[in-house]
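Next comes data-v3.cif, a file with mmCIF, C-alpha atoms and all ligand atoms.
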data_entry
loop_
_atom_site.label_atom_id
_atom_site.label_comp_id
_atom_site.auth_asym_id
_atom_site.auth_seq_id
_atom_site.Cartn_x
_atom_site.Cartn_y
_atom_site.Cartn_z
CA GLY A 1 -10.43 -26.41 -36.58
CA LYS A 2 -10.96 -27.73 -33.12
CA ARG A 3 -12.57 -26.74 -29.92
CA LYS A 4 -11.07 -24.56 -27.23
CA ALA A 5 -10.86 -25.68 -23.65
CA THR A 6 -12.55 -23.81 -20.85
CA GLY A 7 -11.17 -24.14 -17.37
CA ASN A 8 -10.25 -27.40 -15.74
CA ALA A 9 -11.83 -30.68 -14.71
CA ASN A 10 -12.44 -29.65 -11.10
CA ASN A 11 -14.44 -26.64 -12.17
CA PRO A 12 -17.78 -26.88 -10.29
CA ASN A 13 -19.67 -25.68 -13.39
CA HIS A 14 -17.95 -28.10 -15.76
CA ASP A 15 -21.17 -29.51 -17.22
CA LEU A 16 -22.63 -26.05 -17.84
CA CYS A 17 -19.40 -24.95 -19.57
CA ASP A 18 -19.55 -28.10 -21.70
CA PHE A 19 -23.04 -27.47 -22.99
CA LEU A 20 -22.25 -23.81 -23.69
CA MET A 21 -19.14 -24.86 -25.63
CA GLU A 22 -21.16 -27.41 -27.58
CA LEU A 23 -23.56 -24.63 -28.53
CA ALA A 24 -20.58 -22.42 -29.42
CA ASP A 25 -19.18 -25.12 -31.71
CA TYR A 26 -22.55 -25.53 -33.36
CA GLU A 27 -22.81 -21.79 -34.02
CA ARG A 28 -19.27 -21.67 -35.45
CA ASN A 29 -19.33 -24.83 -37.53
CA VAL A 30 -22.92 -25.25 -38.62
CA SER A 31 -24.78 -21.93 -38.32
CA LYS A 32 -21.61 -19.90 -39.01
CA ASN A 33 -22.80 -17.32 -36.53
CA VAL A 34 -19.59 -15.87 -35.10
CA TYR A 35 -21.53 -13.48 -32.88
CA LYS A 36 -23.31 -16.31 -31.07
CA TYR A 37 -20.14 -18.40 -31.09
CA ASN A 38 -18.34 -15.65 -29.16
CA ALA A 39 -21.30 -15.05 -26.86
CA TYR A 40 -21.46 -18.73 -25.78
CA ARG A 41 -17.70 -18.87 -25.38
CA LYS A 42 -17.67 -15.76 -23.25
CA ALA A 43 -20.42 -17.16 -21.01
CA ALA A 44 -18.54 -20.47 -20.67
CA GLY A 45 -15.38 -18.55 -19.84
CA THR A 46 -17.19 -16.65 -17.09
CA LEU A 47 -18.61 -19.82 -15.54
CA SER A 48 -15.28 -21.66 -15.76
CA ALA A 49 -13.67 -18.98 -13.57
CA LEU A 50 -16.15 -19.46 -10.68
CA THR A 51 -15.20 -21.40 -7.57
CA GLU A 52 -18.82 -22.16 -6.62
CA ARG A 53 -21.58 -24.01 -8.42
CA VAL A 54 -24.16 -21.73 -10.07
CA LYS A 55 -27.56 -22.27 -8.41
CA SER A 56 -29.88 -20.66 -10.98
CA GLY A 57 -30.11 -18.71 -14.22
CA GLU A 58 -31.16 -15.70 -12.19
CA GLU A 59 -27.88 -15.83 -10.27
CA ALA A 60 -25.87 -16.44 -13.45
CA LYS A 61 -27.47 -13.42 -15.15
CA LYS A 62 -25.60 -11.11 -12.77
CA LEU A 63 -22.29 -12.31 -14.25
CA PRO A 64 -20.52 -10.71 -17.24
CA GLY A 65 -21.51 -12.15 -20.61
CA ILE A 66 -24.63 -13.93 -19.37
CA GLY A 67 -27.90 -12.44 -20.56
CA VAL A 68 -31.55 -13.49 -20.40
CA LYS A 69 -31.30 -16.16 -23.11
CA ILE A 70 -28.27 -17.95 -21.72
CA ALA A 71 -29.68 -17.66 -18.19
CA LYS A 72 -32.81 -19.48 -19.39
CA LYS A 73 -30.69 -22.25 -20.88
CA ILE A 74 -28.80 -22.58 -17.61
CA ASP A 75 -32.13 -22.97 -15.78
CA GLU A 76 -33.33 -25.59 -18.22
CA PHE A 77 -30.09 -27.53 -17.81
CA LEU A 78 -30.13 -27.28 -14.02
CA GLN A 79 -33.78 -28.46 -13.89
CA THR A 80 -33.78 -31.19 -16.55
CA GLY A 81 -30.09 -32.18 -16.84
CA LYS A 82 -30.17 -31.49 -20.56
CA LEU A 83 -30.88 -28.85 -23.17
CA GLN A 84 -33.59 -29.55 -25.74
CA LYS A 85 -31.95 -27.27 -28.33
CA LEU A 86 -28.77 -29.37 -28.17
CA GLU A 87 -30.71 -32.64 -28.25
CA ASP A 88 -32.46 -31.47 -31.43
CA ILE A 89 -29.18 -30.40 -33.02
CA LYS A 90 -27.67 -33.80 -32.29
CA LYS A 91 -30.66 -35.61 -33.83
CA ASP A 92 -29.70 -34.22 -37.24
CA ASP A 93 -26.98 -36.42 -38.82
CA THR A 94 -25.88 -33.60 -41.11
CA ASN A 95 -25.08 -31.36 -38.13
CA VAL A 96 -23.18 -34.17 -36.45
CA ALA A 97 -21.16 -34.89 -39.60
CA ILE A 98 -20.29 -31.22 -40.18
CA SER A 99 -19.17 -30.87 -36.56
CA LEU A 100 -17.00 -33.97 -36.87
CA LEU A 101 -15.27 -32.96 -40.11
CA ALA A 102 -14.73 -29.41 -38.80
CA ARG A 103 -12.60 -30.91 -36.03
CA VAL A 104 -9.96 -31.91 -38.60
CA SER A 105 -7.10 -29.38 -38.54
CA GLY A 106 -7.33 -27.27 -41.70
CA ILE A 107 -11.00 -28.00 -42.37
CA GLY A 108 -13.18 -24.98 -41.67
CA PRO A 109 -16.98 -24.85 -41.42
CA ALA A 110 -17.47 -24.06 -45.12
CA LYS A 111 -15.29 -26.96 -46.29
CA ALA A 112 -16.93 -29.32 -43.76
CA LYS A 113 -20.37 -28.41 -45.09
CA GLU A 114 -19.24 -28.83 -48.71
CA LEU A 115 -17.81 -32.28 -47.93
CA VAL A 116 -20.94 -33.43 -46.11
CA GLU A 117 -23.13 -32.19 -48.97
CA SER A 118 -21.02 -34.27 -51.36
CA GLY A 119 -21.76 -37.34 -49.22
CA ILE A 120 -18.57 -37.48 -47.15
CA LYS A 121 -19.70 -37.87 -43.55
CA THR A 122 -17.09 -39.82 -41.61
CA LEU A 123 -13.33 -39.87 -41.21
CA GLU A 124 -13.36 -43.17 -43.10
CA ASP A 125 -15.10 -41.46 -46.04
CA LEU A 126 -12.53 -38.69 -45.84
CA LYS A 127 -9.64 -41.16 -45.99
CA LYS A 128 -11.02 -42.50 -49.26
CA HIS A 129 -11.33 -39.01 -50.77
CA GLN A 130 -8.00 -37.44 -49.86
CA ASP A 131 -7.75 -35.96 -53.36
CA LYS A 132 -10.35 -33.45 -52.16
CA LEU A 133 -8.04 -32.31 -49.34
CA THR A 134 -5.18 -29.81 -49.09
CA HIS A 135 -1.77 -30.76 -47.68
CA HIS A 136 -2.80 -29.24 -44.34
CA GLN A 137 -6.12 -31.13 -44.25
CA LYS A 138 -4.42 -34.43 -45.11
CA LEU A 139 -2.05 -33.97 -42.16
CA GLY A 140 -5.03 -32.98 -39.98
CA LEU A 141 -6.70 -36.26 -40.90
CA LYS A 142 -3.53 -38.33 -40.45
CA TYR A 143 -2.99 -36.95 -36.95
CA PHE A 144 -6.66 -36.54 -36.04
CA ASP A 145 -6.47 -38.54 -32.79
CA ASP A 146 -3.22 -36.95 -31.62
CA PHE A 147 -4.44 -33.41 -32.33
CA GLU A 148 -7.53 -34.04 -30.19
CA LYS A 149 -5.27 -34.67 -27.21
CA LYS A 150 -4.33 -31.77 -24.97
CA ILE A 151 -0.62 -31.16 -24.38
CA PRO A 152 0.41 -31.37 -20.71
CA ARG A 153 2.43 -28.44 -19.44
CA ALA A 154 5.39 -30.66 -18.52
CA GLU A 155 5.68 -31.90 -22.10
CA ILE A 156 5.70 -28.36 -23.49
CA ALA A 157 8.44 -27.53 -20.98
CA GLN A 158 10.50 -30.42 -22.40
CA ILE A 159 9.85 -29.28 -25.97
CA GLU A 160 10.79 -25.73 -24.91
CA LYS A 161 14.22 -26.97 -23.77
CA VAL A 162 14.95 -28.79 -27.02
CA LEU A 163 13.72 -25.83 -29.05
CA LYS A 164 15.70 -23.18 -27.18
CA ASN A 165 18.91 -25.21 -27.14
CA ALA A 166 18.71 -25.84 -30.88
CA ILE A 167 17.89 -22.24 -31.83
CA LYS A 168 20.54 -20.75 -29.55
CA GLU A 169 23.10 -23.17 -31.01
CA LEU A 170 22.33 -21.57 -34.36
CA ASN A 171 22.87 -18.08 -32.97
CA SER A 172 23.05 -17.37 -29.26
CA ALA A 173 21.38 -13.96 -29.59
CA TYR A 174 18.02 -15.38 -30.69
CA LEU A 175 15.19 -14.71 -28.23
CA VAL A 176 12.61 -17.48 -27.95
CA THR A 177 9.30 -17.27 -26.04
CA ILE A 178 6.54 -19.84 -25.92
CA CYS A 179 3.32 -17.86 -25.80
CA GLY A 180 -0.33 -18.98 -26.02
CA SER A 181 -2.07 -20.84 -23.22
CA TYR A 182 1.28 -22.18 -21.96
CA ARG A 183 2.48 -18.69 -21.12
CA ARG A 184 -0.84 -18.01 -19.41
CA GLY A 185 0.07 -20.82 -17.04
CA LYS A 186 -2.47 -23.38 -18.28
CA GLU A 187 -1.88 -26.98 -17.22
CA GLU A 188 -2.83 -28.16 -20.73
CA SER A 189 -2.61 -26.58 -24.16
CA GLY A 190 -4.10 -27.20 -27.58
CA ASP A 191 -0.90 -26.41 -29.47
CA ILE A 192 2.52 -24.76 -29.04
CA ASP A 193 2.91 -21.13 -30.05
CA VAL A 194 6.51 -19.99 -30.39
CA LEU A 195 7.77 -16.48 -30.99
CA VAL A 196 11.35 -15.87 -32.14
CA THR A 197 13.30 -12.67 -32.68
CA HIS A 198 16.89 -11.46 -32.89
CA PRO A 199 18.30 -8.06 -31.85
CA ASP A 200 19.56 -7.48 -35.43
CA TYR A 201 16.19 -8.30 -36.94
CA ILE A 202 14.48 -4.90 -36.81
CA SER A 203 11.79 -3.52 -39.10
CA LYS A 204 13.95 -0.70 -40.45
CA ALA A 205 17.14 -2.75 -40.98
CA LYS A 206 18.68 -3.23 -44.41
CA ASP A 207 17.66 -6.44 -46.17
CA GLY A 208 21.24 -7.72 -46.10
CA LYS A 209 21.35 -7.70 -42.33
CA LYS A 210 17.90 -9.30 -42.10
CA LYS A 211 18.93 -12.13 -44.41
CA ALA A 212 21.25 -13.60 -41.78
CA ILE A 213 18.13 -14.31 -39.73
CA SER A 214 15.94 -16.89 -41.36
CA LEU A 215 12.94 -18.88 -40.25
CA LYS A 216 13.76 -21.53 -42.86
CA THR A 217 17.18 -22.09 -41.24
CA ILE A 218 15.52 -22.42 -37.84
CA VAL A 219 12.99 -24.93 -39.17
CA GLU A 220 15.67 -26.99 -40.91
CA CYS A 221 17.67 -27.05 -37.70
CA LEU A 222 14.65 -28.28 -35.72
CA GLU A 223 14.05 -30.96 -38.37
CA LYS A 224 17.64 -32.11 -37.96
CA LYS A 225 17.10 -32.34 -34.21
CA LYS A 226 14.06 -34.53 -34.97
CA LEU A 227 11.71 -32.13 -33.20
CA ILE A 228 9.80 -30.97 -36.28
CA THR A 229 8.30 -33.92 -38.17
CA ASP A 230 6.07 -32.21 -40.77
CA THR A 231 5.55 -28.80 -42.31
CA ILE A 232 2.04 -27.55 -42.98
CA SER A 233 3.24 -24.22 -44.33
CA LEU A 234 6.41 -22.15 -44.20
CA GLY A 235 6.66 -18.47 -45.08
CA SER A 236 9.33 -15.92 -44.27
CA THR A 237 7.77 -15.08 -40.90
CA LYS A 238 5.35 -17.90 -40.16
CA PHE A 239 5.79 -21.65 -39.80
CA MET A 240 2.89 -24.00 -39.18
CA GLY A 241 3.76 -27.60 -38.58
CA ILE A 242 3.98 -30.66 -36.43
CA CYS A 243 6.46 -31.78 -33.79
CA GLN A 244 7.14 -34.67 -31.46
CA LEU A 245 9.49 -34.93 -28.49
CA PRO A 246 12.62 -36.50 -30.03
CA GLU A 247 13.54 -38.48 -26.91
CA ASP A 248 10.13 -40.12 -26.58
CA LYS A 249 8.47 -41.55 -29.70
CA SER A 250 5.53 -42.78 -27.61
CA LYS A 251 4.40 -39.15 -27.23
CA PRO A 252 1.69 -37.84 -29.57
CA PHE A 253 2.39 -35.59 -32.53
CA ARG A 254 1.68 -31.95 -31.64
CA ARG A 255 0.75 -28.82 -33.54
CA LEU A 256 3.57 -26.28 -33.50
CA ASP A 257 3.42 -22.66 -34.71
CA ILE A 258 6.56 -20.53 -34.96
CA ARG A 259 6.61 -16.86 -35.82
CA LEU A 260 9.67 -14.77 -36.54
CA THR A 261 9.04 -11.15 -35.55
CA PHE A 262 11.04 -7.94 -35.69
CA HIS A 263 12.81 -7.07 -32.47
CA ASP A 264 11.12 -3.66 -32.28
CA GLN A 265 7.72 -5.38 -32.59
CA TYR A 266 8.50 -8.30 -30.28
CA TYR A 267 6.55 -7.14 -27.23
CA CYS A 268 3.37 -6.33 -29.14
CA ALA A 269 3.72 -9.76 -30.71
CA ILE A 270 4.24 -11.44 -27.31
CA LEU A 271 1.20 -9.65 -25.94
CA TYR A 272 -0.89 -10.72 -28.92
CA PHE A 273 0.21 -14.36 -29.03
CA THR A 274 -0.15 -14.77 -25.28
CA GLY A 275 -3.84 -14.00 -25.58
CA SER A 276 -6.34 -15.15 -24.69
CA ASP A 277 -8.13 -14.13 -27.88
CA LEU A 278 -10.97 -12.68 -25.81
CA PHE A 279 -8.46 -10.79 -23.67
CA ASN A 280 -6.95 -9.37 -26.87
CA LYS A 281 -10.36 -8.35 -28.13
CA ASN A 282 -11.07 -6.44 -24.91
CA MET A 283 -7.64 -4.82 -24.96
CA ARG A 284 -8.03 -3.68 -28.57
CA ALA A 285 -11.46 -2.24 -27.79
CA HIS A 286 -9.98 -0.43 -24.79
CA ALA A 287 -7.16 0.91 -27.00
CA LEU A 288 -9.70 2.36 -29.44
CA GLU A 289 -11.47 4.14 -26.58
CA LYS A 290 -8.11 5.70 -25.73
CA LYS A 291 -7.60 6.67 -29.40
CA TYR A 292 -4.98 4.01 -30.07
CA THR A 293 -4.87 1.10 -32.43
CA LEU A 294 -3.22 -2.09 -31.21
CA ASN A 295 -2.30 -5.21 -33.17
CA GLU A 296 0.34 -7.95 -33.16
CA TYR A 297 2.91 -5.52 -34.62
CA ALA A 298 2.50 -2.17 -32.96
CA LEU A 299 0.64 0.31 -30.81
CA LYS A 300 -0.15 3.49 -32.72
CA ARG A 301 -1.91 6.67 -31.65
CA LEU A 302 -4.84 7.60 -33.88
CA THR A 303 -4.82 11.07 -35.44
CA ILE A 304 -7.85 13.37 -35.29
CA GLU A 305 -8.85 12.03 -38.70
CA GLY A 306 -8.72 8.55 -37.17
CA ARG A 307 -5.64 7.38 -39.02
CA PRO A 308 -2.83 5.50 -37.26
CA GLY A 309 0.32 7.56 -36.62
CA GLU A 310 3.88 6.42 -35.85
CA ALA A 311 4.34 3.27 -33.76
CA GLU A 312 5.03 3.98 -30.08
CA LYS A 313 8.37 2.74 -28.76
CA ILE A 314 7.53 -0.44 -26.86
CA THR A 315 10.27 -2.32 -25.02
CA SER A 316 8.15 -4.50 -22.75
CA GLU A 317 4.57 -5.73 -22.38
CA GLU A 318 4.23 -3.35 -19.44
CA ASP A 319 4.76 -0.43 -21.84
CA VAL A 320 1.58 -1.28 -23.74
CA PHE A 321 -0.48 -1.35 -20.53
CA LYS A 322 1.07 1.99 -19.45
CA PHE A 323 0.28 3.74 -22.75
CA LEU A 324 -3.31 2.59 -22.43
CA GLY A 325 -3.60 3.67 -18.79
CA LEU A 326 -4.14 0.10 -17.60
CA SER A 327 -2.52 -1.64 -14.66
CA TYR A 328 -0.29 -4.52 -15.75
CA LYS A 329 -1.87 -7.95 -15.93
CA ASP A 330 0.26 -11.02 -15.45
CA PRO A 331 -0.16 -13.62 -18.25
CA LYS A 332 -1.91 -15.99 -15.80
CA ASP A 333 -4.54 -13.27 -15.26
CA ARG A 334 -5.33 -13.04 -18.96
CA ASN A 335 -7.34 -16.28 -19.07
CA ILE A 336 -10.69 -14.76 -19.91
N1 LIG B 401 -5.14 -15.11 -31.20
C1 LIG B 401 -6.05 -14.05 -31.27
N2 LIG B 401 -7.15 -14.14 -32.08
C2 LIG B 401 -7.36 -15.24 -32.82
C3 LIG B 401 -6.46 -16.32 -32.76
C4 LIG B 401 -5.36 -16.22 -31.94
O1 LIG B 401 -5.86 -13.05 -30.58
N3 LIG B 401 -8.45 -15.31 -33.60
C5 LIG B 401 -3.98 -15.02 -30.30
C6 LIG B 401 -4.42 -15.20 -28.87
C7 LIG B 401 -4.12 -16.65 -28.61
C8 LIG B 401 -2.86 -16.84 -29.42
O2 LIG B 401 -3.05 -16.03 -30.58
O3 LIG B 401 -3.92 -16.90 -27.24
C9 LIG B 401 -2.56 -18.27 -29.76
O4 LIG B 401 -3.66 -18.85 -30.43
P1 LIG B 401 -4.15 -20.32 -30.11
O5 LIG B 401 -5.26 -20.61 -31.04
O6 LIG B 401 -2.99 -21.26 -30.13
O7 LIG B 401 -4.79 -20.18 -28.65
P2 LIG B 401 -4.24 -20.52 -27.19
O8 LIG B 401 -2.79 -20.83 -27.21
O9 LIG B 401 -4.68 -19.38 -26.33
O10 LIG B 401 -5.07 -21.79 -26.72
P3 LIG B 401 -4.78 -23.35 -27.05
O11 LIG B 401 -4.36 -23.99 -25.78
O12 LIG B 401 -6.08 -23.86 -27.54
O13 LIG B 401 -3.71 -23.39 -28.10
MG MG B 402 -2.01 -22.21 -28.51
MN MN B 403 -1.61 -21.65 -32.03
#
Taking this structure as input, can you express it in the form of structure tokens?
Amino acid sequence: GKRKATGNANNPNHDLCDFLMELADYERNVSKNVYKYNAYRKAAGTLSALTERVKSGEEAKKLPGIGVKIAKKIDEFLQTGKLQKLEDIKKDDTNVAISLLARVSGIGPAKAKELVESGIKTLEDLKKHQDKLTHHQKLGLKYFDDFEKKIPRAEIAQIEKVLKNAIKELNSAYLVTICGSYRRGKEESGDIDVLVTHPDYISKAKDGKKKAISLKTIVECLEKKKLITDTISLGSTKFMGICQLPEDKSKPFRRLDIRLTFHDQYYCAILYFTGSDLFNKNMRAHALEKKYTLNEYALKRLTIEGRPGEAEKITSEEDVFKFLGLSYKDPKDRNI
């Protein structure tokens, strides 16, 4: 898997965010410490939202998600222009190799470590040992350079047009929403996250009625339109694959995810897939405090025994915020 972006290039704390994200990657890919991974990411997220340059660790410590240890690292970086811990990590070839291989789509930290321990340390090595890779990992390797490139907002808007036209040609009642960082208004995205539903596709409907709605049909249609170029995996509700703008073959290949969700679960799904993942985490924690459980399917009140009850009737994202006693947050304000 690859690295997440924090903020933009004109962020005055860009270099600090970079070193925190490098530490985050190291914790995820090499140490496999998810706790530290999230802590560094949260701190980077906080700094990326500032409009002023941080002057000291002391000052940074007052901000959410920055404690004593990260404050000390910020001081070291501000004073010396580098971080010894990162320099040491980078001196170790094994760390560097694991981090590189873990950037291939489909290769996780465990697989990256296993490969490096078997002597495979570069993308060239990997190309020679494709028998050790899954279909997904082979595609990740093939499109390694393209997948490292961010997708400009304008290109996603073009892809959105092609996608919506094609799906609505199939059946005009389909509802299509591009979620993820694009919906949060980001200028660049790592991939394209699409959510599809249909008014007839509801969780309690008879199978016969549901059959008319099919993700496979949608995918085949998008292949015919030359938007989808490869399939990583296709299930009844989840497609993972690769697309390219049909009208411009000079454009990179892009990661595309499509999920088909029940109409009565659509707004919980939109909320979830709009993210950010940290925003979702906070919202789920808040839900628990209010004795609710929230996921990508439903919002359910917890019984006294702590078991989830019936799903609440949700017909908009606003509904979820209301049930939880929160004021509505626009997608662009969910970039934490
Ligand atoms: N998501 C989540 N928890 C995860 C992974 C994903 O809550 N562990 C949700 C929130 C994300 C959304 O799914 O915003 C889409 O996942 P992406 O990995 O595509 O993340 P983004 O679209 O936010 O960022 P990027 O621009 O990197 O694609
Ligand atoms: Mg995304
Ligand atoms: Mn995605």
Problem set entry | Shell of 12 Å around ligand MG 402 (chain B) (only C-alpha atoms and all ligand atoms), written as a PyMOL selection string | chain A and resi 2-5+150-151+153+156+178-186+188-195+240+254-258+272-277
Exercise. A:Lys249, A:Lys164, A:Lys85, A:Lys238: which is nearest ligand MN 403 (chain B), counting all atoms listed in the file?
Worked result: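 Checking each candidate against ligand MN 403 (chain B), we get A:Lys238 as the closest.
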Problem set entry | Nearest residue to ligand MN 403 (chain B) from the set A:Ile242, A:Ile336, A:Met283, A:Leu100 (distances using all atoms listed in the file) | A:Ile242
For this session: Considering only C-alpha atoms and all ligand atoms, state which residue in the set A:Glu312, A:Asp25, A:Asp93, A:Glu148 is at the smallest distance from ligand LIG 401 (chain B).
Result: A:Glu148
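The residue that comes closest to Glu160 in chain A, out of A:Gln244, A:Leu141, A:Leu86, A:Lys55 and on the basis of only C-alpha atoms, is A:Gln244.
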Exercise. Quick one: residues within 12 Å of Asn10 in chain A, all atoms listed in the file counted, chain neighbours fewer than 6 positions away excluded, as an MDAnalysis selection string?
Worked result: chainID A and resid 17 48:53
Exercise. Nearest to ligand MN 403 (chain B) among A:Gly241, A:Gly108, A:Pro152, A:Pro64, with distances taken over all atoms listed in the file: which residue is it?
Worked result: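 Distance minimum relative to ligand MN 403 (chain B) lands on A:Gly241.
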For this session: Would you mind reading off the distance between CA of His263 in chain A and CA of His198 in chain A, one decimal, in Å?
Result: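 Rounded to one decimal, the two atoms are 6.0 Å apart.
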